[in-house]
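Pasted below: data.txt, compact mmCIF, N, CA and C atoms and all ligand atoms.
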```txt
# COMPACT_ATOMS: atom_id res chain seq x y z
N MET A 13 0.85 -1.18 0.00
CA MET A 13 0.00 0.00 0.00
C MET A 13 0.89 1.24 0.00
N ALA A 14 0.71 2.09 -0.96
CA ALA A 14 1.48 3.33 -1.00
C ALA A 14 0.55 4.49 -0.81
N GLU A 15 0.98 5.42 -0.02
CA GLU A 15 0.13 6.58 0.24
C GLU A 15 1.00 7.83 0.24
N PRO A 16 0.83 8.70 -0.72
CA PRO A 16 1.68 9.88 -0.78
C PRO A 16 1.44 10.78 0.42
N THR A 17 2.51 11.33 0.97
CA THR A 17 2.37 12.27 2.06
C THR A 17 2.18 13.69 1.54
N ARG A 18 2.50 13.86 0.25
CA ARG A 18 2.28 15.16 -0.38
C ARG A 18 2.16 14.89 -1.88
N ALA A 19 1.44 15.70 -2.58
CA ALA A 19 1.27 15.49 -4.01
C ALA A 19 2.62 15.52 -4.71
N PRO A 20 3.04 14.44 -5.42
CA PRO A 20 4.35 14.40 -6.07
C PRO A 20 4.57 15.55 -7.04
N ASP A 21 3.54 16.05 -7.67
CA ASP A 21 3.70 17.11 -8.66
C ASP A 21 4.27 18.40 -8.07
N GLU A 22 4.05 18.60 -6.77
CA GLU A 22 4.55 19.82 -6.13
C GLU A 22 6.05 19.95 -6.28
N HIS A 23 6.76 18.80 -6.38
CA HIS A 23 8.21 18.83 -6.42
C HIS A 23 8.76 18.31 -7.75
N ALA A 24 7.92 18.28 -8.74
CA ALA A 24 8.31 17.67 -10.01
C ALA A 24 9.57 18.29 -10.59
N ALA A 25 9.74 19.61 -10.44
CA ALA A 25 10.89 20.29 -11.04
C ALA A 25 12.12 20.24 -10.14
N GLU A 26 11.97 19.78 -8.89
CA GLU A 26 13.10 19.78 -7.97
C GLU A 26 13.78 18.42 -7.99
N GLU A 27 14.98 18.36 -7.43
CA GLU A 27 15.77 17.13 -7.38
C GLU A 27 15.18 16.19 -6.33
N THR A 28 14.74 15.01 -6.75
CA THR A 28 14.15 14.05 -5.83
C THR A 28 15.17 12.98 -5.47
N GLU A 29 15.30 12.73 -4.17
CA GLU A 29 16.19 11.68 -3.68
C GLU A 29 15.33 10.48 -3.30
N THR A 30 15.75 9.30 -3.75
CA THR A 30 15.02 8.08 -3.36
C THR A 30 15.85 7.34 -2.32
N TYR A 31 15.23 6.92 -1.26
CA TYR A 31 15.92 6.21 -0.19
C TYR A 31 15.18 4.92 0.15
N VAL A 32 15.90 4.01 0.79
CA VAL A 32 15.33 2.71 1.17
C VAL A 32 15.60 2.46 2.65
N TYR A 33 14.57 2.08 3.39
CA TYR A 33 14.71 1.71 4.79
C TYR A 33 13.93 0.43 5.02
N LEU A 34 14.36 -0.32 6.04
CA LEU A 34 13.60 -1.49 6.47
C LEU A 34 12.75 -1.06 7.65
N CYS A 35 11.45 -1.21 7.53
CA CYS A 35 10.58 -0.81 8.64
C CYS A 35 10.74 -1.79 9.79
N THR A 36 11.04 -1.27 10.97
CA THR A 36 11.22 -2.12 12.15
C THR A 36 10.06 -1.96 13.14
N SER A 37 8.95 -1.42 12.65
CA SER A 37 7.82 -1.21 13.54
C SER A 37 7.09 -2.50 13.89
N CYS A 38 7.29 -3.54 13.08
CA CYS A 38 6.71 -4.85 13.41
C CYS A 38 7.57 -5.92 12.75
N PRO A 39 7.38 -7.19 13.11
CA PRO A 39 8.26 -8.25 12.60
C PRO A 39 8.18 -8.48 11.09
N LEU A 40 7.17 -7.94 10.42
CA LEU A 40 7.04 -8.15 8.97
C LEU A 40 8.22 -7.53 8.21
N GLY A 41 8.73 -6.42 8.71
CA GLY A 41 9.92 -5.80 8.14
C GLY A 41 9.78 -5.39 6.69
N CYS A 42 8.79 -4.60 6.38
CA CYS A 42 8.58 -4.15 5.00
C CYS A 42 9.78 -3.32 4.51
N ARG A 43 10.11 -3.50 3.23
CA ARG A 43 11.16 -2.70 2.60
C ARG A 43 10.52 -1.43 2.07
N LEU A 44 10.83 -0.33 2.72
CA LEU A 44 10.23 0.95 2.36
C LEU A 44 11.09 1.68 1.35
N GLU A 45 10.45 2.27 0.39
CA GLU A 45 11.15 3.09 -0.59
C GLU A 45 10.48 4.46 -0.56
N GLY A 46 11.28 5.49 -0.38
CA GLY A 46 10.70 6.81 -0.26
C GLY A 46 11.36 7.82 -1.17
N ASP A 47 10.61 8.85 -1.49
CA ASP A 47 11.14 9.96 -2.28
C ASP A 47 11.12 11.21 -1.40
N ALA A 48 12.20 11.97 -1.48
CA ALA A 48 12.28 13.19 -0.68
C ALA A 48 13.00 14.28 -1.45
N VAL A 49 12.62 15.50 -1.19
CA VAL A 49 13.33 16.67 -1.68
C VAL A 49 13.84 17.37 -0.44
N ASP A 50 15.18 17.41 -0.30
CA ASP A 50 15.82 17.83 0.94
C ASP A 50 15.28 16.95 2.07
N ASP A 51 14.71 17.53 3.10
CA ASP A 51 14.16 16.71 4.18
C ASP A 51 12.65 16.57 4.05
N ASP A 52 12.11 16.98 2.94
CA ASP A 52 10.67 16.95 2.75
C ASP A 52 10.28 15.65 2.05
N VAL A 53 9.73 14.70 2.82
CA VAL A 53 9.34 13.41 2.25
C VAL A 53 8.05 13.59 1.47
N ILE A 54 8.06 13.19 0.20
CA ILE A 54 6.88 13.40 -0.62
C ILE A 54 6.11 12.11 -0.88
N GLU A 55 6.78 10.95 -0.72
CA GLU A 55 6.06 9.70 -0.91
C GLU A 55 6.82 8.55 -0.24
N VAL A 56 6.08 7.64 0.38
CA VAL A 56 6.66 6.40 0.92
C VAL A 56 5.91 5.24 0.29
N ARG A 57 6.68 4.28 -0.26
CA ARG A 57 6.07 3.09 -0.89
C ARG A 57 6.58 1.83 -0.20
N GLY A 58 5.90 0.73 -0.45
CA GLY A 58 6.34 -0.57 0.05
C GLY A 58 5.80 -0.91 1.42
N ASN A 59 5.09 0.02 2.04
CA ASN A 59 4.52 -0.22 3.36
C ASN A 59 3.25 -1.03 3.25
N SER A 60 3.06 -1.94 4.22
CA SER A 60 1.83 -2.74 4.25
C SER A 60 0.79 -2.14 5.17
N CYS A 61 1.17 -1.11 5.92
CA CYS A 61 0.19 -0.43 6.77
C CYS A 61 0.64 1.02 6.95
N LYS A 62 -0.20 1.82 7.59
CA LYS A 62 0.09 3.25 7.71
C LYS A 62 1.27 3.54 8.63
N ARG A 63 1.58 2.59 9.54
CA ARG A 63 2.73 2.83 10.42
C ARG A 63 4.01 2.95 9.60
N GLY A 64 4.05 2.26 8.46
CA GLY A 64 5.22 2.32 7.60
C GLY A 64 5.47 3.72 7.05
N ILE A 65 4.40 4.45 6.77
CA ILE A 65 4.55 5.82 6.28
C ILE A 65 5.18 6.68 7.36
N LYS A 66 4.69 6.52 8.57
CA LYS A 66 5.24 7.31 9.69
C LYS A 66 6.69 6.94 9.92
N TYR A 67 6.98 5.63 9.91
CA TYR A 67 8.36 5.18 10.14
C TYR A 67 9.28 5.70 9.04
N GLY A 68 8.87 5.52 7.79
CA GLY A 68 9.71 5.92 6.67
C GLY A 68 9.95 7.41 6.63
N THR A 69 8.95 8.18 7.03
CA THR A 69 9.10 9.63 7.07
C THR A 69 10.04 10.04 8.21
N GLN A 70 9.81 9.48 9.40
CA GLN A 70 10.64 9.85 10.55
C GLN A 70 12.07 9.37 10.37
N GLU A 71 12.25 8.16 9.80
CA GLU A 71 13.60 7.64 9.62
C GLU A 71 14.42 8.56 8.72
N HIS A 72 13.76 9.25 7.82
CA HIS A 72 14.47 10.16 6.92
C HIS A 72 14.68 11.54 7.54
N THR A 73 13.74 11.99 8.33
CA THR A 73 13.81 13.36 8.84
C THR A 73 14.31 13.46 10.28
N ASP A 74 14.01 12.45 11.10
CA ASP A 74 14.38 12.51 12.52
C ASP A 74 14.52 11.08 13.06
N PRO A 75 15.56 10.33 12.61
CA PRO A 75 15.68 8.93 13.02
C PRO A 75 15.92 8.80 14.52
N ARG A 76 15.25 7.84 15.13
CA ARG A 76 15.35 7.62 16.57
C ARG A 76 15.50 6.14 16.86
N ARG A 77 16.06 5.83 18.03
CA ARG A 77 16.28 4.44 18.41
C ARG A 77 15.85 4.22 19.86
N ALA A 78 15.25 3.05 20.11
CA ALA A 78 14.97 2.64 21.48
C ALA A 78 16.30 2.29 22.14
N VAL A 79 16.46 2.64 23.40
CA VAL A 79 17.70 2.33 24.13
C VAL A 79 17.33 1.58 25.41
N SER A 80 17.87 0.36 25.55
CA SER A 80 17.71 -0.43 26.76
C SER A 80 19.08 -0.92 27.18
N THR A 81 19.33 -0.92 28.48
CA THR A 81 20.62 -1.39 28.97
C THR A 81 20.47 -1.74 30.45
N THR A 82 21.60 -1.93 31.13
CA THR A 82 21.58 -2.12 32.58
C THR A 82 22.59 -1.16 33.20
N VAL A 83 22.36 -0.80 34.46
CA VAL A 83 23.31 0.04 35.21
C VAL A 83 23.58 -0.63 36.54
N TRP A 84 24.63 -0.19 37.21
CA TRP A 84 24.97 -0.79 38.51
C TRP A 84 23.89 -0.49 39.54
N LEU A 85 23.70 -1.48 40.40
CA LEU A 85 22.71 -1.35 41.48
C LEU A 85 23.44 -1.57 42.80
N HIS A 86 23.18 -0.73 43.78
CA HIS A 86 23.78 -0.88 45.11
C HIS A 86 22.68 -1.11 46.14
N GLY A 87 22.95 -2.09 47.01
CA GLY A 87 22.01 -2.33 48.10
C GLY A 87 20.83 -3.20 47.72
N GLY A 88 20.91 -3.85 46.57
CA GLY A 88 19.82 -4.71 46.13
C GLY A 88 20.26 -6.16 46.08
N PRO A 89 19.38 -7.04 45.71
CA PRO A 89 19.68 -8.47 45.66
C PRO A 89 20.45 -8.90 44.40
N CYS A 90 20.69 -7.99 43.48
CA CYS A 90 21.46 -8.29 42.27
C CYS A 90 22.36 -7.09 41.96
N GLU A 91 23.29 -7.27 41.02
CA GLU A 91 24.29 -6.23 40.76
C GLU A 91 23.86 -5.21 39.71
N ARG A 92 22.95 -5.61 38.82
CA ARG A 92 22.59 -4.74 37.71
C ARG A 92 21.08 -4.46 37.70
N LEU A 93 20.73 -3.26 37.33
CA LEU A 93 19.33 -2.85 37.22
C LEU A 93 19.00 -2.63 35.74
N PRO A 94 18.01 -3.34 35.19
CA PRO A 94 17.62 -3.08 33.81
C PRO A 94 16.88 -1.74 33.68
N VAL A 95 17.26 -0.99 32.67
CA VAL A 95 16.68 0.34 32.46
C VAL A 95 16.45 0.56 30.97
N ARG A 96 15.67 1.59 30.66
CA ARG A 96 15.49 1.98 29.26
C ARG A 96 15.20 3.46 29.17
N ALA A 97 15.43 4.01 27.98
CA ALA A 97 15.06 5.39 27.74
C ALA A 97 13.54 5.47 27.72
N ALA A 98 13.00 6.52 28.31
CA ALA A 98 11.55 6.66 28.41
C ALA A 98 10.89 6.82 27.05
N GLU A 99 11.66 7.26 26.05
CA GLU A 99 11.15 7.39 24.68
C GLU A 99 12.33 7.21 23.72
N PRO A 100 12.08 6.94 22.46
CA PRO A 100 13.20 6.75 21.52
C PRO A 100 14.13 7.96 21.49
N VAL A 101 15.42 7.66 21.40
CA VAL A 101 16.47 8.68 21.46
C VAL A 101 16.88 9.05 20.03
N PRO A 102 17.09 10.35 19.74
CA PRO A 102 17.59 10.72 18.41
C PRO A 102 18.85 9.91 18.09
N LYS A 103 18.90 9.35 16.89
CA LYS A 103 19.98 8.43 16.52
C LYS A 103 21.37 9.04 16.76
N GLN A 104 21.54 10.30 16.45
CA GLN A 104 22.86 10.92 16.59
C GLN A 104 23.23 11.17 18.05
N LYS A 105 22.28 10.96 18.98
CA LYS A 105 22.54 11.18 20.40
C LYS A 105 22.64 9.87 21.18
N VAL A 106 22.47 8.72 20.52
CA VAL A 106 22.43 7.44 21.24
C VAL A 106 23.75 7.17 21.96
N ARG A 107 24.88 7.37 21.27
CA ARG A 107 26.19 7.10 21.89
C ARG A 107 26.38 7.98 23.13
N GLU A 108 26.06 9.26 22.99
CA GLU A 108 26.21 10.19 24.11
C GLU A 108 25.30 9.80 25.27
N PHE A 109 24.11 9.35 24.92
CA PHE A 109 23.13 8.94 25.93
C PHE A 109 23.67 7.76 26.73
N VAL A 110 24.18 6.76 26.03
CA VAL A 110 24.69 5.55 26.70
C VAL A 110 25.96 5.87 27.50
N GLN A 111 26.84 6.69 26.93
CA GLN A 111 28.08 7.04 27.63
C GLN A 111 27.80 7.78 28.94
N ALA A 112 26.74 8.55 28.96
CA ALA A 112 26.39 9.30 30.16
C ALA A 112 26.00 8.38 31.32
N LEU A 113 25.72 7.12 31.01
CA LEU A 113 25.29 6.18 32.05
C LEU A 113 26.46 5.40 32.63
N GLN A 114 27.65 5.54 32.04
CA GLN A 114 28.81 4.80 32.54
C GLN A 114 29.13 5.24 33.96
N GLY A 115 29.30 4.27 34.84
CA GLY A 115 29.64 4.57 36.22
C GLY A 115 28.44 4.90 37.09
N LEU A 116 27.27 4.95 36.47
CA LEU A 116 26.06 5.25 37.25
C LEU A 116 25.74 4.10 38.21
N VAL A 117 25.50 4.43 39.48
CA VAL A 117 25.10 3.44 40.48
C VAL A 117 23.78 3.89 41.07
N VAL A 118 22.78 3.02 41.01
CA VAL A 118 21.45 3.33 41.53
C VAL A 118 21.28 2.62 42.88
N GLU A 119 20.74 3.32 43.83
CA GLU A 119 20.51 2.75 45.16
C GLU A 119 19.14 2.06 45.22
N ALA A 120 19.13 0.82 45.74
CA ALA A 120 17.87 0.12 45.99
C ALA A 120 17.23 0.72 47.24
N PRO A 121 15.93 0.65 47.39
CA PRO A 121 14.96 0.03 46.47
C PRO A 121 14.63 0.94 45.28
N VAL A 122 14.11 0.32 44.23
CA VAL A 122 13.74 1.04 43.02
C VAL A 122 12.35 0.56 42.58
N ASP A 123 11.48 1.48 42.31
CA ASP A 123 10.15 1.13 41.81
C ASP A 123 10.19 0.86 40.31
N PHE A 124 9.34 -0.02 39.84
CA PHE A 124 9.19 -0.24 38.40
C PHE A 124 8.74 1.08 37.76
N GLY A 125 9.43 1.49 36.71
CA GLY A 125 9.06 2.71 36.01
C GLY A 125 9.60 3.99 36.63
N ALA A 126 10.36 3.85 37.73
CA ALA A 126 10.91 5.05 38.38
C ALA A 126 11.94 5.71 37.49
N VAL A 127 11.96 7.04 37.50
CA VAL A 127 12.99 7.78 36.77
C VAL A 127 14.27 7.70 37.58
N VAL A 128 15.30 7.08 37.00
CA VAL A 128 16.57 6.97 37.72
C VAL A 128 17.55 8.07 37.31
N VAL A 129 17.39 8.62 36.10
CA VAL A 129 18.14 9.80 35.67
C VAL A 129 17.21 10.65 34.81
N SER A 130 17.17 11.96 35.10
CA SER A 130 16.36 12.87 34.29
C SER A 130 17.23 13.51 33.22
N ASP A 131 16.64 13.76 32.07
CA ASP A 131 17.30 14.54 31.01
C ASP A 131 18.72 14.03 30.74
N VAL A 132 18.82 12.75 30.38
CA VAL A 132 20.13 12.14 30.15
C VAL A 132 20.86 12.85 29.01
N ALA A 133 22.07 13.30 29.28
CA ALA A 133 22.95 13.94 28.29
C ALA A 133 22.28 15.13 27.60
N GLY A 134 21.37 15.79 28.30
CA GLY A 134 20.72 16.96 27.74
C GLY A 134 19.75 16.66 26.60
N THR A 135 19.32 15.41 26.51
CA THR A 135 18.39 15.04 25.44
C THR A 135 16.95 15.38 25.78
N GLY A 136 16.71 15.64 27.07
CA GLY A 136 15.33 15.85 27.51
C GLY A 136 14.61 14.53 27.75
N ILE A 137 15.35 13.43 27.62
CA ILE A 137 14.75 12.10 27.78
C ILE A 137 15.24 11.47 29.08
N ASP A 138 14.31 10.93 29.85
CA ASP A 138 14.64 10.31 31.13
C ASP A 138 15.03 8.85 30.95
N LEU A 139 15.75 8.33 31.95
CA LEU A 139 16.06 6.91 32.03
C LEU A 139 15.16 6.32 33.11
N ILE A 140 14.47 5.22 32.77
CA ILE A 140 13.55 4.64 33.75
C ILE A 140 13.88 3.18 34.03
N ALA A 141 13.58 2.74 35.24
CA ALA A 141 13.81 1.34 35.65
C ALA A 141 12.76 0.45 35.02
N THR A 142 13.18 -0.72 34.57
CA THR A 142 12.22 -1.66 33.99
C THR A 142 12.05 -2.89 34.88
N ARG A 143 12.51 -2.77 36.12
CA ARG A 143 12.29 -3.84 37.08
C ARG A 143 12.16 -3.22 38.47
N GLU A 144 11.29 -3.80 39.29
CA GLU A 144 11.18 -3.32 40.66
C GLU A 144 12.18 -4.08 41.52
N ILE A 145 12.92 -3.34 42.31
CA ILE A 145 13.94 -3.93 43.18
C ILE A 145 13.64 -3.51 44.62
N VAL A 146 13.58 -4.49 45.51
CA VAL A 146 13.42 -4.16 46.92
C VAL A 146 14.81 -4.13 47.56
N SER A 147 14.88 -3.87 48.85
CA SER A 147 16.18 -3.71 49.51
C SER A 147 16.97 -5.01 49.54
N GLU A 148 18.22 -4.92 49.93
CA GLU A 148 19.21 -6.00 49.84
C GLU A 148 18.70 -7.35 50.35
N HIS A 149 18.02 -7.35 51.45
CA HIS A 149 17.60 -8.62 52.03
C HIS A 149 16.14 -8.92 51.74
N GLY A 150 15.56 -8.09 50.93
CA GLY A 150 14.15 -8.31 50.60
C GLY A 150 13.99 -9.19 49.39
N ARG A 151 12.79 -9.34 48.95
CA ARG A 151 12.45 -10.15 47.79
C ARG A 151 12.51 -9.30 46.54
N GLU A 152 13.05 -9.83 45.44
CA GLU A 152 13.11 -9.12 44.18
C GLU A 152 11.83 -9.40 43.41
N LEU A 153 11.15 -8.35 43.00
CA LEU A 153 9.91 -8.49 42.25
C LEU A 153 10.18 -8.19 40.79
N VAL A 154 9.91 -9.12 39.91
CA VAL A 154 10.14 -8.91 38.50
C VAL A 154 9.00 -8.07 37.93
N GLY A 155 9.34 -6.97 37.29
CA GLY A 155 8.33 -6.06 36.73
C GLY A 155 7.92 -6.45 35.35
S1 LIG B 1 4.84 -1.08 7.18
FE1 LIG B 1 3.41 -1.90 8.69
S2 LIG B 1 3.33 -4.09 8.24
FE2 LIG B 1 5.18 -3.29 7.24
S3 LIG B 1 6.84 -3.59 8.77
FE3 LIG B 1 6.05 -1.51 9.04
S4 LIG B 1 4.51 -1.72 10.66
FE4 LIG B 1 4.91 -3.77 9.85
```

Entire entry expressed as structure tokens:
Amino acid sequence: MAEPTRAPDEHAAEETETYVYLCTSCPLGCRLEGDAVDDDVIEVRGNSCKRGIKYGTQEHTDPRRAVSTTVWLHGGPCERLPVRAAEPVPKQKVREFVQALQGLVVEAPVDFGAVVVSDVAGTGIDLIATREIVSEHGRELVG
């Protein structure tokens, strides 16, 4: 299913760039082909649903990545706390985002979904816990 995001004729006289991305919004992994003039996406093809249009447009204009990792935990029943970015991180900021977490130690207890770092690396994106941890001698609750 192809659905133009803008009438192709509007840019007929301008230089059109064609790009290809693999949609990762679901396991089907559609091969998206898009046309753009500068950062203005004028058409996305190859998508099997509307999410592909959004993905193909954003991947060209503002690519982002989900970030999940673990950080050190102190005072809990295990050494590492699983965490993730509260929202997808701009692709060009992912390395900086992850590097900012090096050496981070979180004190137990930790609630599931608790913000453990605000505005990581100035991205405006928080880091949140993806597991609930009780104190050192308590029971660990899997979130
Ligand atoms: S376009 Fe739709 S069906 Fe295809 S991979 Fe993306 S989300 Fe899945």

Check your understanding: Please, what distance in Å, to one decimal, runs between CA of Ile65 (chain A) and CA of Ile137 (chain A)?
Key ->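 Between CA of Ile65 (chain A) and CA of Ile137 (chain A) the gap is 24.6 Å.
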
Non-local contacts of region 114-130 of chain A (8 Å; only N, CA and C atoms; under 2 positions in same chain excluded) as a PDB file with N, CA and C atoms, in the coordinates of the input:
```pdb
ATOM      1  N   THR A  82      21.600  -1.930  31.130  1.00  0.00           N
ATOM      2  CA  THR A  82      21.580  -2.120  32.580  1.00  0.00           C
ATOM      3  C   THR A  82      22.590  -1.160  33.200  1.00  0.00           C
ATOM      4  N   VAL A  83      22.360  -0.800  34.460  1.00  0.00           N
ATOM      5  CA  VAL A  83      23.310   0.040  35.210  1.00  0.00           C
ATOM      6  C   VAL A  83      23.580  -0.630  36.540  1.00  0.00           C
ATOM      7  N   TRP A  84      24.630  -0.190  37.210  1.00  0.00           N
ATOM      8  CA  TRP A  84      24.970  -0.790  38.510  1.00  0.00           C
ATOM      9  C   TRP A  84      23.890  -0.490  39.540  1.00  0.00           C
ATOM     10  N   LEU A  85      23.700  -1.480  40.400  1.00  0.00           N
ATOM     11  CA  LEU A  85      22.710  -1.350  41.480  1.00  0.00           C
ATOM     12  C   LEU A  85      23.440  -1.570  42.800  1.00  0.00           C
ATOM     13  N   HIS A  86      23.180  -0.730  43.780  1.00  0.00           N
ATOM     14  CA  HIS A  86      23.780  -0.880  45.110  1.00  0.00           C
ATOM     15  C   HIS A  86      22.680  -1.110  46.140  1.00  0.00           C
ATOM     16  N   GLY A  87      22.950  -2.090  47.010  1.00  0.00           N
ATOM     17  CA  GLY A  87      22.010  -2.330  48.100  1.00  0.00           C
ATOM     18  C   GLY A  87      20.830  -3.200  47.720  1.00  0.00           C
ATOM     19  N   GLY A  88      20.910  -3.850  46.570  1.00  0.00           N
ATOM     20  CA  GLY A  88      19.820  -4.710  46.130  1.00  0.00           C
ATOM     21  C   GLY A  88      20.260  -6.160  46.080  1.00  0.00           C
ATOM     22  N   PRO A  89      19.380  -7.040  45.710  1.00  0.00           N
ATOM     23  CA  PRO A  89      19.680  -8.470  45.660  1.00  0.00           C
ATOM     24  C   PRO A  89      20.450  -8.900  44.400  1.00  0.00           C
ATOM     25  N   LEU A  93      20.730  -3.260  37.330  1.00  0.00           N
ATOM     26  CA  LEU A  93      19.330  -2.850  37.220  1.00  0.00           C
ATOM     27  C   LEU A  93      19.000  -2.630  35.740  1.00  0.00           C
ATOM     28  N   PHE A 109      24.110   9.350  24.920  1.00  0.00           N
ATOM     29  CA  PHE A 109      23.130   8.940  25.930  1.00  0.00           C
ATOM     30  C   PHE A 109      23.670   7.760  26.730  1.00  0.00           C
ATOM     31  N   VAL A 110      24.180   6.760  26.030  1.00  0.00           N
ATOM     32  CA  VAL A 110      24.690   5.550  26.700  1.00  0.00           C
ATOM     33  C   VAL A 110      25.960   5.870  27.500  1.00  0.00           C
ATOM     34  N   GLN A 111      26.840   6.690  26.930  1.00  0.00           N
ATOM     35  CA  GLN A 111      28.080   7.040  27.630  1.00  0.00           C
ATOM     36  C   GLN A 111      27.800   7.780  28.940  1.00  0.00           C
ATOM     37  N   ALA A 112      26.740   8.550  28.960  1.00  0.00           N
ATOM     38  CA  ALA A 112      26.390   9.300  30.160  1.00  0.00           C
ATOM     39  C   ALA A 112      26.000   8.380  31.320  1.00  0.00           C
ATOM     40  N   VAL A 132      18.820  12.750  30.380  1.00  0.00           N
ATOM     41  CA  VAL A 132      20.130  12.140  30.150  1.00  0.00           C
ATOM     42  C   VAL A 132      20.860  12.850  29.010  1.00  0.00           C
ATOM     43  N   ALA A 133      22.070  13.300  29.280  1.00  0.00           N
ATOM     44  CA  ALA A 133      22.950  13.940  28.290  1.00  0.00           C
ATOM     45  C   ALA A 133      22.280  15.130  27.600  1.00  0.00           C
ATOM     46  N   GLY A 134      21.370  15.790  28.300  1.00  0.00           N
ATOM     47  CA  GLY A 134      20.720  16.960  27.740  1.00  0.00           C
ATOM     48  C   GLY A 134      19.750  16.660  26.600  1.00  0.00           C
ATOM     49  N   THR A 135      19.320  15.410  26.510  1.00  0.00           N
ATOM     50  CA  THR A 135      18.390  15.040  25.440  1.00  0.00           C
ATOM     51  C   THR A 135      16.950  15.380  25.780  1.00  0.00           C
ATOM     52  N   GLY A 136      16.710  15.640  27.070  1.00  0.00           N
ATOM     53  CA  GLY A 136      15.330  15.850  27.510  1.00  0.00           C
ATOM     54  C   GLY A 136      14.610  14.530  27.750  1.00  0.00           C
ATOM     55  N   ILE A 137      15.350  13.430  27.620  1.00  0.00           N
ATOM     56  CA  ILE A 137      14.750  12.100  27.780  1.00  0.00           C
ATOM     57  C   ILE A 137      15.240  11.470  29.080  1.00  0.00           C
ATOM     58  N   ASP A 138      14.310  10.930  29.850  1.00  0.00           N
ATOM     59  CA  ASP A 138      14.640  10.310  31.130  1.00  0.00           C
ATOM     60  C   ASP A 138      15.030   8.850  30.950  1.00  0.00           C
ATOM     61  N   LEU A 139      15.750   8.330  31.950  1.00  0.00           N
ATOM     62  CA  LEU A 139      16.060   6.910  32.030  1.00  0.00           C
ATOM     63  C   LEU A 139      15.160   6.320  33.110  1.00  0.00           C
ATOM     64  N   ILE A 140      14.470   5.220  32.770  1.00  0.00           N
ATOM     65  CA  ILE A 140      13.550   4.640  33.750  1.00  0.00           C
ATOM     66  C   ILE A 140      13.880   3.180  34.030  1.00  0.00           C
ATOM     67  N   ALA A 141      13.580   2.740  35.240  1.00  0.00           N
ATOM     68  CA  ALA A 141      13.810   1.340  35.650  1.00  0.00           C
ATOM     69  C   ALA A 141      12.760   0.450  35.020  1.00  0.00           C
ATOM     70  N   THR A 142      13.180  -0.720  34.570  1.00  0.00           N
ATOM     71  CA  THR A 142      12.220  -1.660  33.990  1.00  0.00           C
ATOM     72  C   THR A 142      12.050  -2.890  34.880  1.00  0.00           C
ATOM     73  N   ARG A 143      12.510  -2.770  36.120  1.00  0.00           N
ATOM     74  CA  ARG A 143      12.290  -3.840  37.080  1.00  0.00           C
ATOM     75  C   ARG A 143      12.160  -3.220  38.470  1.00  0.00           C
ATOM     76  N   GLU A 144      11.290  -3.800  39.290  1.00  0.00           N
ATOM     77  CA  GLU A 144      11.180  -3.320  40.660  1.00  0.00           C
ATOM     78  C   GLU A 144      12.180  -4.080  41.520  1.00  0.00           C
ATOM     79  N   ILE A 145      12.920  -3.340  42.310  1.00  0.00           N
ATOM     80  CA  ILE A 145      13.940  -3.930  43.180  1.00  0.00           C
ATOM     81  C   ILE A 145      13.640  -3.510  44.620  1.00  0.00           C
ATOM     82  N   VAL A 146      13.580  -4.490  45.510  1.00  0.00           N
ATOM     83  CA  VAL A 146      13.420  -4.160  46.920  1.00  0.00           C
ATOM     84  C   VAL A 146      14.810  -4.130  47.560  1.00  0.00           C
ATOM     85  N   SER A 147      14.880  -3.870  48.850  1.00  0.00           N
ATOM     86  CA  SER A 147      16.180  -3.710  49.510  1.00  0.00           C
ATOM     87  C   SER A 147      16.970  -5.010  49.540  1.00  0.00           C
ATOM     88  N   GLU A 148      18.220  -4.920  49.930  1.00  0.00           N
ATOM     89  CA  GLU A 148      19.210  -6.000  49.840  1.00  0.00           C
ATOM     90  C   GLU A 148      18.700  -7.350  50.350  1.00  0.00           C
ATOM     91  N   VAL A 154       9.910  -9.120  39.910  1.00  0.00           N
ATOM     92  CA  VAL A 154      10.140  -8.910  38.500  1.00  0.00           C
ATOM     93  C   VAL A 154       9.000  -8.070  37.930  1.00  0.00           C
ATOM     94  N   GLY A 155       9.340  -6.970  37.290  1.00  0.00           N
ATOM     95  CA  GLY A 155       8.330  -6.060  36.730  1.00  0.00           C
ATOM     96  C   GLY A 155       7.920  -6.450  35.350  1.00  0.00           C
TER      97      GLY A 155
END
```

Point to revise | From A:Arg107, A:Val32, A:Val101, A:Pro39, residue lying nearest Pro75 (chain A) [all atoms listed in the file] | key: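 The answer is A:Val101, which sits nearest to Pro75 (chain A).
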
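With distances taken over only N, CA and C atoms and all ligand atoms, A:Cys38 is the one residue among A:Cys38, A:Pro100, A:Arg76, A:Gly46 lying closest to ligand LIG 1 (chain B).
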
**Study point:** Environment of ligand LIG 1 (chain B) within 6 Å, counting all atoms listed in the file, reported as an MDAnalysis selection string
**Key:** chainID A and resid 35:42 58:65
